[in-house]
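Peer 1: What follows is coords-v5.txt, compact mmCIF, C-alpha atoms and all ligand atoms.
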# COMPACT_ATOMS: atom_id res chain seq x y z
CA MET A 1 189.11 190.95 18.14
CA ASN A 2 189.40 194.11 16.06
CA ASP A 3 191.17 195.17 12.89
CA GLU A 4 194.39 196.17 14.68
CA THR A 5 194.85 192.71 16.18
CA ASP A 6 193.82 190.76 13.12
CA PRO A 7 195.23 192.23 9.90
CA PRO A 8 196.43 188.91 8.43
CA ARG A 9 192.93 187.51 8.25
CA ARG A 10 191.60 190.68 6.65
CA ALA A 11 194.43 190.51 4.14
CA ALA A 12 193.45 186.94 3.25
CA TRP A 13 189.72 187.74 2.98
CA PHE A 14 190.36 190.81 0.84
CA ALA A 15 192.94 189.04 -1.36
CA ALA A 16 190.39 186.33 -2.17
CA ASN A 17 187.71 188.97 -2.80
CA ARG A 18 190.09 190.89 -5.07
CA ARG A 19 190.79 187.80 -7.19
CA ASN A 20 187.04 187.31 -7.49
CA TRP A 21 186.47 190.96 -8.47
CA ASP A 22 189.27 190.82 -11.03
CA ASP A 23 187.45 187.89 -12.66
CA ARG A 24 184.12 189.67 -12.50
CA ALA A 25 185.58 192.89 -13.93
CA ASP A 26 186.74 190.93 -17.00
CA ILE A 27 183.28 189.39 -17.31
CA HIS A 28 181.38 192.63 -16.72
CA ILE A 29 183.36 194.65 -19.26
CA ARG A 30 182.32 192.12 -21.95
CA ASP A 31 178.74 192.90 -20.87
CA GLU A 32 177.16 189.84 -22.48
CA THR A 33 173.72 190.69 -21.04
CA GLY A 34 173.90 194.47 -21.22
CA PHE A 35 173.60 194.68 -17.41
CA TYR A 36 176.42 197.23 -17.13
CA GLY A 37 175.56 199.18 -20.29
CA VAL A 38 179.25 199.37 -21.15
CA GLU A 39 178.79 200.40 -24.78
CA ARG A 40 176.09 202.90 -23.84
CA ALA A 41 178.43 204.40 -21.23
CA ALA A 42 181.22 204.61 -23.82
CA ARG A 43 178.82 206.40 -26.18
CA GLY A 44 177.97 209.00 -23.56
CA GLU A 45 174.82 207.81 -21.79
CA THR A 46 174.44 208.58 -18.09
CA LEU A 47 173.53 205.25 -16.55
CA LEU A 48 172.74 206.12 -12.93
CA THR A 49 169.31 204.93 -11.78
CA PRO A 50 166.40 207.40 -11.58
CA ILE A 51 166.65 207.19 -7.78
CA GLU A 52 170.26 208.34 -7.78
CA LEU A 53 169.56 211.06 -10.35
CA ALA A 54 166.70 212.40 -8.21
CA GLU A 55 168.64 212.37 -4.95
CA ILE A 56 172.26 213.15 -5.70
CA GLY A 57 171.87 216.91 -6.09
CA ASP A 58 173.68 219.33 -8.36
CA LEU A 59 177.21 218.14 -9.20
CA GLU A 60 178.21 221.14 -11.33
CA GLY A 61 181.83 222.02 -10.62
CA LEU A 62 182.17 219.60 -7.68
CA ARG A 63 185.04 217.27 -6.87
CA VAL A 64 183.47 213.82 -6.45
CA ALA A 65 185.12 210.65 -5.08
CA HIS A 66 183.42 207.44 -6.25
CA LEU A 67 184.42 204.76 -3.76
CA GLN A 68 184.43 201.12 -5.01
CA CYS A 69 183.81 202.33 -8.55
CA HIS A 70 184.18 198.92 -10.26
CA ILE A 71 184.59 199.29 -14.06
CA GLY A 72 183.78 202.98 -13.94
CA THR A 73 180.45 203.17 -15.76
CA ASP A 74 178.94 205.24 -12.94
CA THR A 75 182.07 207.32 -12.41
CA LEU A 76 181.75 208.45 -16.03
CA ALA A 77 178.13 209.36 -15.29
CA LEU A 78 179.25 211.58 -12.40
CA ALA A 79 181.64 213.41 -14.74
CA ARG A 80 178.87 213.80 -17.32
CA LEU A 81 176.57 215.28 -14.69
CA GLY A 82 178.97 218.20 -14.35
CA ALA A 83 181.49 217.14 -11.71
CA ALA A 84 184.74 219.03 -12.27
CA GLU A 85 186.54 215.89 -11.13
CA ALA A 86 185.17 212.35 -10.72
CA ALA A 87 187.82 210.17 -9.08
CA GLY A 88 187.03 206.45 -8.94
CA LEU A 89 188.77 204.15 -6.48
CA ASP A 90 188.67 200.35 -6.50
CA PHE A 91 191.00 197.63 -5.22
CA SER A 92 190.64 195.43 -8.34
CA PRO A 93 193.45 196.14 -10.82
CA ARG A 94 191.38 194.63 -13.65
CA ALA A 95 188.42 196.89 -12.79
CA ILE A 96 190.68 199.95 -12.82
CA LEU A 97 192.27 198.92 -16.12
CA HIS A 98 188.82 198.56 -17.73
CA ALA A 99 187.60 201.81 -16.16
CA ARG A 100 190.55 203.76 -17.57
CA ASP A 101 190.02 202.21 -20.99
CA LEU A 102 186.31 203.03 -20.89
CA ALA A 103 187.06 206.64 -19.92
CA ARG A 104 189.50 206.90 -22.83
CA ARG A 105 186.94 205.43 -25.24
CA SER A 106 184.24 207.80 -24.02
CA GLY A 107 186.46 210.83 -24.62
CA LEU A 108 185.60 212.24 -21.17
CA SER A 109 188.43 214.12 -19.49
CA GLY A 110 186.96 214.63 -16.01
CA ALA A 111 187.13 211.01 -14.79
CA SER A 112 190.24 209.40 -13.30
CA PHE A 113 190.83 206.08 -11.56
CA VAL A 114 193.03 204.91 -8.69
CA GLU A 115 193.69 201.35 -7.54
CA GLY A 116 193.61 200.55 -3.85
CA ASP A 117 191.76 199.54 -0.70
CA VAL A 118 188.90 201.85 0.24
CA TYR A 119 190.23 202.04 3.81
CA GLU A 120 193.28 203.82 2.31
CA ALA A 121 191.17 206.24 0.27
CA PRO A 122 192.41 209.47 1.92
CA ALA A 123 196.06 208.56 1.26
CA LEU A 124 195.29 207.37 -2.28
CA LEU A 125 192.89 210.08 -3.45
CA GLY A 126 193.82 212.94 -1.15
CA GLY A 127 191.24 215.02 0.70
CA GLY A 128 189.11 218.05 -0.05
CA PHE A 129 186.36 216.35 -2.08
CA ASP A 130 182.89 217.93 -2.07
CA LEU A 131 181.04 214.63 -2.40
CA ALA A 132 181.75 210.96 -1.72
CA PHE A 133 179.54 208.67 -3.82
CA VAL A 134 178.95 205.06 -2.73
CA ASN A 135 176.47 203.00 -4.71
CA TRP A 136 175.06 199.48 -5.11
CA GLY A 137 176.99 196.58 -3.65
CA ALA A 138 179.80 198.40 -1.88
CA ILE A 139 179.93 198.02 1.91
CA GLY A 140 179.03 194.32 2.04
CA TRP A 141 182.64 193.65 1.03
CA LEU A 142 184.00 195.47 4.06
CA ASP A 143 184.65 193.96 7.48
CA ASP A 144 184.96 197.19 9.48
CA LEU A 145 182.60 200.08 8.91
CA ASP A 146 184.38 202.31 11.43
CA LEU A 147 187.43 202.21 9.17
CA TRP A 148 185.20 202.79 6.14
CA ALA A 149 183.43 205.80 7.70
CA GLN A 150 186.79 207.31 8.72
CA ALA A 151 188.02 206.84 5.15
CA VAL A 152 184.91 208.51 3.71
CA ALA A 153 185.36 211.42 6.13
CA GLY A 154 189.06 211.57 5.22
CA VAL A 155 188.44 212.25 1.52
CA LEU A 156 185.90 215.03 2.19
CA LYS A 157 186.37 218.68 2.95
CA PRO A 158 184.61 219.97 6.11
CA GLY A 159 180.94 220.32 5.14
CA GLY A 160 181.41 217.77 2.34
CA ARG A 161 178.62 215.28 1.63
CA LEU A 162 178.23 211.52 1.34
CA TYR A 163 175.60 210.08 -1.01
CA PHE A 164 174.92 206.38 -0.38
CA ILE A 165 172.55 203.88 -2.01
CA ASP A 166 172.52 200.09 -1.69
CA GLY A 167 170.41 197.02 -1.08
CA HIS A 168 168.24 197.45 2.03
CA PRO A 169 169.62 195.68 5.14
CA THR A 170 166.18 194.07 5.63
CA LEU A 171 166.21 192.57 2.13
CA MET A 172 169.70 191.22 2.64
CA LEU A 173 168.40 188.94 5.42
CA PHE A 174 166.53 186.87 2.90
CA ASP A 175 167.66 183.92 0.85
CA GLY A 176 167.59 185.15 -2.75
CA ALA A 177 166.69 181.65 -3.93
CA SER A 178 163.38 181.71 -2.03
CA ALA A 179 160.08 182.85 -3.56
CA PRO A 180 159.51 186.60 -3.35
CA GLU A 181 155.85 185.92 -2.41
CA ASP A 182 157.07 184.01 0.64
CA PRO A 183 160.67 185.01 1.30
CA ARG A 184 162.71 182.85 3.65
CA VAL A 185 165.16 184.38 6.14
CA GLY A 186 168.59 183.09 5.23
CA PHE A 187 171.04 185.06 7.36
CA ASP A 188 171.60 186.77 10.69
CA TYR A 189 171.08 190.49 10.34
CA ALA A 190 174.58 191.48 11.52
CA THR A 191 177.55 189.42 10.37
CA PRO A 192 180.28 189.35 13.05
CA ARG A 193 183.54 190.67 11.69
CA GLU A 194 185.40 187.47 12.56
CA THR A 195 183.01 185.16 10.70
CA PRO A 196 182.29 186.54 7.22
CA LEU A 197 179.71 184.91 4.98
CA VAL A 198 181.79 182.69 2.73
CA SER A 199 180.42 181.84 -0.68
CA ASP A 200 181.60 180.02 -3.81
CA GLU A 201 179.24 181.35 -6.46
CA ASP A 202 180.83 180.75 -9.86
CA SER A 203 178.55 183.00 -11.92
CA SER A 204 178.03 186.72 -11.67
CA TYR A 205 174.89 188.72 -10.91
CA ASP A 206 175.00 190.27 -14.39
CA GLY A 207 173.50 187.02 -15.68
CA SER A 208 176.26 186.29 -18.17
CA SER A 209 177.20 182.71 -18.97
CA ALA A 210 180.90 183.12 -18.05
CA ARG A 211 182.26 181.17 -15.09
CA ILE A 212 184.26 182.90 -12.35
CA ALA A 213 187.68 181.27 -11.97
CA HIS A 214 188.07 182.43 -8.35
CA PRO A 215 184.58 181.99 -6.88
CA ARG A 216 185.43 182.30 -3.15
CA THR A 217 184.13 185.51 -1.52
CA HIS A 218 183.86 186.93 2.00
CA GLU A 219 181.00 189.29 2.80
CA TRP A 220 179.37 190.98 5.76
CA LEU A 221 175.75 192.00 6.36
CA HIS A 222 175.73 195.35 8.10
CA PRO A 223 172.63 196.49 10.00
CA VAL A 224 171.38 200.08 9.89
CA SER A 225 172.81 200.85 13.32
CA ARG A 226 176.29 199.74 12.26
CA VAL A 227 176.29 201.82 9.06
CA LEU A 228 174.84 205.00 10.56
CA GLY A 229 176.62 204.52 13.91
CA ALA A 230 180.00 204.40 12.17
CA LEU A 231 179.18 207.54 10.18
CA PHE A 232 177.95 209.45 13.26
CA LYS A 233 181.16 208.48 15.09
CA ALA A 234 183.20 209.77 12.13
CA GLY A 235 181.45 213.16 12.34
CA PHE A 236 178.57 212.90 9.85
CA ARG A 237 175.06 214.30 10.30
CA LEU A 238 172.21 212.59 8.45
CA ASP A 239 170.45 214.84 5.91
CA PHE A 240 167.84 212.38 4.58
CA LEU A 241 167.14 208.66 4.53
CA HIS A 242 164.82 206.97 2.02
CA GLU A 243 163.60 203.41 1.47
CA HIS A 244 162.73 202.15 -2.00
CA GLU A 245 160.66 199.33 -3.49
CA ALA A 246 163.14 199.00 -6.36
CA LEU A 247 166.65 197.64 -6.67
CA ALA A 248 169.50 197.82 -9.20
CA TRP A 249 169.78 194.05 -9.56
CA ARG A 250 167.56 190.93 -9.57
CA PHE A 251 167.71 189.75 -5.93
CA PHE A 252 164.91 187.20 -6.26
CA PRO A 253 164.87 185.40 -9.64
CA ARG A 254 161.22 186.37 -10.17
CA MET A 255 161.74 190.10 -9.79
CA ILE A 256 160.64 192.20 -12.77
CA ARG A 257 162.91 194.67 -14.53
CA GLY A 258 161.18 197.94 -15.37
CA GLU A 259 161.87 200.26 -18.28
CA ASP A 260 163.90 202.41 -15.88
CA GLY A 261 166.30 199.46 -15.41
CA LEU A 262 165.25 198.90 -11.77
CA HIS A 263 163.99 195.55 -10.51
CA ARG A 264 160.77 195.23 -8.50
CA LEU A 265 158.81 192.45 -6.80
CA PRO A 266 156.05 190.73 -8.75
CA GLU A 267 152.46 191.60 -7.97
CA GLY A 268 151.08 189.65 -5.01
CA SER A 269 154.39 189.66 -3.15
CA LYS A 270 154.69 190.94 0.38
CA ARG A 271 156.00 194.49 0.13
CA LEU A 272 159.64 194.70 1.19
CA PRO A 273 162.06 197.60 1.30
CA LEU A 274 164.50 196.69 -1.47
CA ALA A 275 166.97 199.58 -1.35
CA TRP A 276 167.90 202.39 0.98
CA SER A 277 169.64 205.64 0.31
CA PHE A 278 170.80 208.53 2.42
CA GLY A 279 172.72 211.76 2.32
CA ALA A 280 175.02 212.82 5.15
CA THR A 281 177.16 215.89 5.77
CA LEU A 282 180.55 215.93 7.45
CA THR A 283 180.16 218.37 10.30
CA GLY A 284 183.52 218.08 11.98
C1 LIG A 301 179.26 195.61 -6.77
S1 LIG A 301 180.75 196.44 -7.20
C2 LIG A 301 180.26 198.09 -7.04
C3 LIG A 301 179.63 198.52 -8.27
C4 LIG A 301 179.53 200.03 -8.40
N1 LIG A 301 178.69 200.54 -7.38
C5 LIG A 301 178.98 200.34 -9.74
O1 LIG A 301 177.76 200.52 -9.81
O2 LIG A 301 179.72 200.35 -10.70
C6 LIG A 301 181.78 196.28 -5.75
C7 LIG A 301 183.18 196.83 -5.99
O3 LIG A 301 183.82 196.94 -4.74
C8 LIG A 301 185.19 196.69 -4.94
N2 LIG A 301 185.78 196.38 -3.63
C9 LIG A 301 185.51 195.34 -2.81
N3 LIG A 301 186.23 195.43 -1.68
C10 LIG A 301 186.99 196.56 -1.79
C11 LIG A 301 187.95 197.18 -0.97
N4 LIG A 301 188.29 196.68 0.22
N5 LIG A 301 188.53 198.33 -1.40
C12 LIG A 301 188.21 198.85 -2.61
N6 LIG A 301 187.31 198.29 -3.46
C13 LIG A 301 186.70 197.16 -3.05
C14 LIG A 301 185.22 195.55 -5.94
O4 LIG A 301 186.43 195.43 -6.63
C15 LIG A 301 184.05 195.93 -6.87
O5 LIG A 301 184.51 196.62 -7.99
Write the structure described by the file as structure tokens, please.

Peer 2:
Amino acid sequence: MNDETDPPRRAAWFAANRRNWDDRADIHIRDETGFYGVERAARGETLLTPIELAEIGDLEGLRVAHLQCHIGTDTLALARLGAAEAAGLDFSPRAILHARDLARRSGLSGASFVEGDVYEAPALLGGGFDLAFVNWGAIGWLDDLDLWAQAVAGVLKPGGRLYFIDGHPTLMLFDGASAPEDPRVGFDYATPRETPLVSDEDSSYDGSSARIAHPRTHEWLHPVSRVLGALFKAGFRLDFLHEHEALAWRFFPRMIRGEDGLHRLPEGSKRLPLAWSFGATLTG
């Protein structure tokens, strides 16, 4: 079964996910725990992680598309780093509403926000971007990475770049409730499209006390071959690929948050790759 023969089920999965993300956007903008640094972003701080800042390259004067931008804190950062245009796209209307409000409060003119499905990004944002930026917790919400890779290619100009960073596919195999010193495999490494991982988690990863009214989500674990294979098929060439022993969120409860805001495993743990990042250029 592929996406062409099964759009109703995708529509149902994504509609449930969208309700969940609307709830989370309302929770995250309140920023009870400071996880999203909303007030700091509004005041003008650039909140990308040190890994992203070291790898993303010079943004001066570039047109940047931030796909799955959530409440826009990182889109604002892209504008502050010199992008001539930072266009955020997200399918959650509440996330887009908060992102626009945050941009207005920050006084930044270079960031704009569009609501819609990432698969429709070329139609929604237009093409000709210099850089597509995809960070932390994005592709696990997508059932079809071929469609995603085509959409990323569709927003870029020929020779345009993709910068990607997310949780490492190896880490994602593990049950986050297990001990980091002795992690337990919780999932198959490649979720079939037809059988998403269904979850009913009623609290958000930002650690706030708020309950999520629509807890049901549908997610997919994508192995390295699926992510890179889809991008190669869409005409990308890999420029670099890095693995990191640090992550933007607390995957295991006993991870330790450093002064740089990144979470790491406690001493004595088996060393695991926690995040991966890569740059790719559209050659076609
Ligand atoms: C974990 S957040 C990404 C956070 C973002 N990287 C940041 O640091 O601000 C995932 C986002 O993906 C969005 N999303 C999920 N599925 C989507 C889809 N099919 N199209 C567009 N956005 C989607 C959600 O609304 C949510 O805002």

Peer 1: Show me, as lines of an AutoDock Vina configuration file, the centre and edge lengths in Å to one decimal of the axis-aligned box that covers every listed atom of ligand LIG 301 (chain A) with 4 Å on each side.

Peer 2:
center_x = 183.1
center_y = 197.9
center_z = -5.2
size_x = 18.8
size_y = 13.2
size_z = 18.9

Peer 1: How would you report the residues lying within 9 Å of ligand LIG 301 (chain A), as a PyMOL selection string, if you count only C-alpha atoms and all ligand atoms?

Peer 2: chain A and resi 14+17-22+24-25+36+48+66-75+89-96+115-121+133-143+165-166+248

Peer 1: Identify which of the residues A:Ala213, A:Leu76, A:Met255, A:Leu162 lies closest to Ser178 (chain A), counting all atoms listed in the file when measuring atom-to-atom distances.

Peer 2: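 So, comparing all the options, the nearest one is A:Met255.
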
Peer 1: Report, in Å with one decimal, the straight-line distance from CA of Gly261 (chain A) to CA of Ala246 (chain A).

Peer 2: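 Those two atoms sit 9.6 Å apart.
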
Peer 1: Select, from A:Asp26, A:Glu55, A:Glu32, A:Asp200, the residue with the minimum atom-to-atom distance to Asp239 (chain A), counting all atoms listed in the file.

Peer 2: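 Ranking A:Asp26, A:Glu55, A:Glu32, A:Asp200 by distance to Asp239 (chain A), first place goes to A:Glu55.
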
Peer 1: Closest to Gly207 (chain A) among A:His222, A:Asp23, A:Leu156, A:Gly34, using all atoms listed in the file?

Peer 2: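 With all atoms listed in the file as the atom set, the closest residue is A:Gly34.
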
Peer 1: Write out as an NGL selection string which residues come within 9 Å of region 264-277 of chain A when counting all atoms listed in the file, dropping same-chain ones fewer than 6 positions away.

Peer 2: :A and (51-52 or 55 or 135-136 or 163-172 or 179-183 or 240-248 or 250-252 or 254-258)

Peer 1: What does the file look like for those residues with C-alpha atoms, as a PDB file, keeping the file's coordinate frame?

Peer 2:
ATOM      1  CA  ILE A  51     166.650 207.190  -7.780  1.00  0.00           C
ATOM      2  CA  GLU A  52     170.260 208.340  -7.780  1.00  0.00           C
ATOM      3  CA  GLU A  55     168.640 212.370  -4.950  1.00  0.00           C
ATOM      4  CA  ASN A 135     176.470 203.000  -4.710  1.00  0.00           C
ATOM      5  CA  TRP A 136     175.060 199.480  -5.110  1.00  0.00           C
ATOM      6  CA  TYR A 163     175.600 210.080  -1.010  1.00  0.00           C
ATOM      7  CA  PHE A 164     174.920 206.380  -0.380  1.00  0.00           C
ATOM      8  CA  ILE A 165     172.550 203.880  -2.010  1.00  0.00           C
ATOM      9  CA  ASP A 166     172.520 200.090  -1.690  1.00  0.00           C
ATOM     10  CA  GLY A 167     170.410 197.020  -1.080  1.00  0.00           C
ATOM     11  CA  HIS A 168     168.240 197.450   2.030  1.00  0.00           C
ATOM     12  CA  PRO A 169     169.620 195.680   5.140  1.00  0.00           C
ATOM     13  CA  THR A 170     166.180 194.070   5.630  1.00  0.00           C
ATOM     14  CA  LEU A 171     166.210 192.570   2.130  1.00  0.00           C
ATOM     15  CA  MET A 172     169.700 191.220   2.640  1.00  0.00           C
ATOM     16  CA  ALA A 179     160.080 182.850  -3.560  1.00  0.00           C
ATOM     17  CA  PRO A 180     159.510 186.600  -3.350  1.00  0.00           C
ATOM     18  CA  GLU A 181     155.850 185.920  -2.410  1.00  0.00           C
ATOM     19  CA  ASP A 182     157.070 184.010   0.640  1.00  0.00           C
ATOM     20  CA  PRO A 183     160.670 185.010   1.300  1.00  0.00           C
ATOM     21  CA  PHE A 240     167.840 212.380   4.580  1.00  0.00           C
ATOM     22  CA  LEU A 241     167.140 208.660   4.530  1.00  0.00           C
ATOM     23  CA  HIS A 242     164.820 206.970   2.020  1.00  0.00           C
ATOM     24  CA  GLU A 243     163.600 203.410   1.470  1.00  0.00           C
ATOM     25  CA  HIS A 244     162.730 202.150  -2.000  1.00  0.00           C
ATOM     26  CA  GLU A 245     160.660 199.330  -3.490  1.00  0.00           C
ATOM     27  CA  ALA A 246     163.140 199.000  -6.360  1.00  0.00           C
ATOM     28  CA  LEU A 247     166.650 197.640  -6.670  1.00  0.00           C
ATOM     29  CA  ALA A 248     169.500 197.820  -9.200  1.00  0.00           C
ATOM     30  CA  ARG A 250     167.560 190.930  -9.570  1.00  0.00           C
ATOM     31  CA  PHE A 251     167.710 189.750  -5.930  1.00  0.00           C
ATOM     32  CA  PHE A 252     164.910 187.200  -6.260  1.00  0.00           C
ATOM     33  CA  ARG A 254     161.220 186.370 -10.170  1.00  0.00           C
ATOM     34  CA  MET A 255     161.740 190.100  -9.790  1.00  0.00           C
ATOM     35  CA  ILE A 256     160.640 192.200 -12.770  1.00  0.00           C
ATOM     36  CA  ARG A 257     162.910 194.670 -14.530  1.00  0.00           C
ATOM     37  CA  GLY A 258     161.180 197.940 -15.370  1.00  0.00           C
TER      38      GLY A 258
END

Peer 1: Report the distance between CA of Ala99 (chain A) and CA of Leu197 (chain A) in Å, rounded to one decimal place.

Peer 2: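 Those two atoms sit 28.2 Å apart.
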
Peer 1: Find the spatial neighbours of Gly57 (chain A), counting all atoms listed in the file, within a cut-off of 10 Å - ignore same-chain residues fewer than 3 positions away - and output them as a ChimeraX atom specification.

Peer 2: /A:52-54,60,81,163,279

Peer 1: Just give me the residues with any atom within 8 Å of (188.2, 215.8, 0.6), file coordinates, counting only C-alpha atoms, written as a list in words.

Peer 2: Pro122, Gly126, Gly127, Gly128, Phe129, Asp130, Leu131, Ala153, Gly154, Val155, Leu156, Lys157, Pro158 and Gly160 of chain A

Peer 1: I want to know what sits within 7 Å of region 186-191 of chain A, based on only C-alpha atoms, with residues of the same chain fewer than 4 positions away left out; could you give that as a list in words?

Peer 2: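 Residues meeting the cut-off are Leu173, Phe174, Asp175, Thr195, Pro196, Trp220, Leu221, His222 and Pro223 of chain A.
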
Peer 1: Mind checking which residues fall within 8 Å of Gly110 (chain A), counting all atoms listed in the file, ignoring those fewer than 3 positions away in the same chain, and posting them as a list of chain:residue names?

Peer 2: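 That gives A:Ala79, A:Ala83, A:Ala84, A:Glu85, A:Ala86.
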
Peer 1: Include C-alpha atoms and write out the residues we just selected as an mmCIF file, in the frame of the given file.

Peer 2:
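again33.cif was written with the following content:
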data_model
loop_
_atom_site.group_PDB
_atom_site.id
_atom_site.type_symbol
_atom_site.label_atom_id
_atom_site.label_comp_id
_atom_site.auth_asym_id
_atom_site.auth_seq_id
_atom_site.Cartn_x
_atom_site.Cartn_y
_atom_site.Cartn_z
ATOM 1 C CA ALA A 79 181.640 213.410 -14.740
ATOM 2 C CA ALA A 83 181.490 217.140 -11.710
ATOM 3 C CA ALA A 84 184.740 219.030 -12.270
ATOM 4 C CA GLU A 85 186.540 215.890 -11.130
ATOM 5 C CA ALA A 86 185.170 212.350 -10.720
#
